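Down below is the structure, laid out as structure tokens.
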Amino acid sequence: MPPEFIISIKKENEEYMIGVTCNGHKKTFFNKLTQLQKDGKIPNGAIHLTPIKAVGTDCIRMDPDDLIQL
């Protein structure tokens with residue numbers, strides 16, 4: 001399962017990147033982060049999911065078939 005979302009926590013004017021997840025594990029990751037916030041182990045704030053877009057550049061070559069899998 002390829003990564004589909006960047007997970008971050010937004011608090012006031014700051015944003016902390018936590019990791020990446022696929023759509024299949026998004027809810028599990030969200031629930032775990034919520035519990036960690038309640039336990040005081042990570043900063044409180046809004047959990048934000050940003051979709052990842054596949055890109056290709058001159059130094060990163062992509063086969064069009066790879067995009068179909070994403």
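The way I read the labels, and the way they are meant: chains A, B, ... in the order of the structure tokens, residue 1 as the first residue of every chain, and ligand 1 as the first ligand shown, with later ones counted on from there.
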What's the 10 Å shell around His48 in chain A, counting only C-alpha atoms, without same-chain residues fewer than 5 positions away, as a compact mmCIF listing (two decimals) with N, CA, C and O atoms, in the first residue's frame?
```
# COMPACT_ATOMS: atom_id res chain seq x y z
N PHE A 5 -1.13 9.94 2.29
CA PHE A 5 -1.36 11.15 3.08
C PHE A 5 -0.16 11.46 3.97
O PHE A 5 0.46 10.55 4.52
N ILE A 6 0.15 12.74 4.11
CA ILE A 6 1.10 13.21 5.11
C ILE A 6 0.27 13.55 6.34
O ILE A 6 -0.74 14.25 6.24
N ILE A 7 0.68 13.05 7.49
CA ILE A 7 -0.04 13.32 8.73
C ILE A 7 0.76 14.34 9.53
O ILE A 7 1.96 14.18 9.76
N SER A 8 0.07 15.39 9.95
CA SER A 8 0.71 16.42 10.76
C SER A 8 -0.26 16.89 11.84
O SER A 8 -1.45 16.63 11.78
N ILE A 9 0.31 17.57 12.83
CA ILE A 9 -0.50 18.16 13.89
C ILE A 9 -0.29 19.67 13.84
O ILE A 9 0.84 20.15 13.89
N LYS A 10 -1.39 20.41 13.71
CA LYS A 10 -1.34 21.86 13.68
C LYS A 10 -1.72 22.39 15.05
O LYS A 10 -2.77 22.05 15.59
N GLU A 15 3.22 23.64 12.82
CA GLU A 15 2.73 22.38 12.28
C GLU A 15 3.85 21.36 12.39
O GLU A 15 4.99 21.62 12.00
N TYR A 16 3.53 20.20 12.95
CA TYR A 16 4.51 19.14 13.18
C TYR A 16 4.17 17.94 12.31
O TYR A 16 3.10 17.36 12.44
N MET A 17 5.10 17.56 11.43
CA MET A 17 4.88 16.38 10.59
C MET A 17 5.10 15.14 11.44
O MET A 17 6.11 15.00 12.11
N ILE A 18 4.13 14.23 11.40
CA ILE A 18 4.20 13.01 12.19
C ILE A 18 4.63 11.83 11.34
O ILE A 18 5.42 11.00 11.76
N PHE A 30 -5.11 7.78 12.84
CA PHE A 30 -5.81 8.91 13.45
C PHE A 30 -6.23 8.57 14.89
O PHE A 30 -6.04 9.38 15.80
```
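Comparing the minimum interatomic distances between Asn23 in chain A and each of A:Met1, A:Val55, A:Leu36, A:Ala46, counting only C-alpha atoms, we find that A:Met1 sits nearest.
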| request: Could you tell me how far CA of Gly40 in chain A lies from CA of Lys11 in chain A, in Å and to one decimal? | output: 14.1 Å
| remark: Min atom-atom distance to Pro2 in chain A from the set A:Thr34, A:Thr21, A:Glu14, A:Pro43, counting only C-alpha atoms, belongs to A:Thr21
| message | Could you pull out the alpha helix (DSSP H) residues of range 19-61 of chain A, going by DSSP on the backbone, and write them as a PyMOL selection string? | response | chain A and resi 26-38
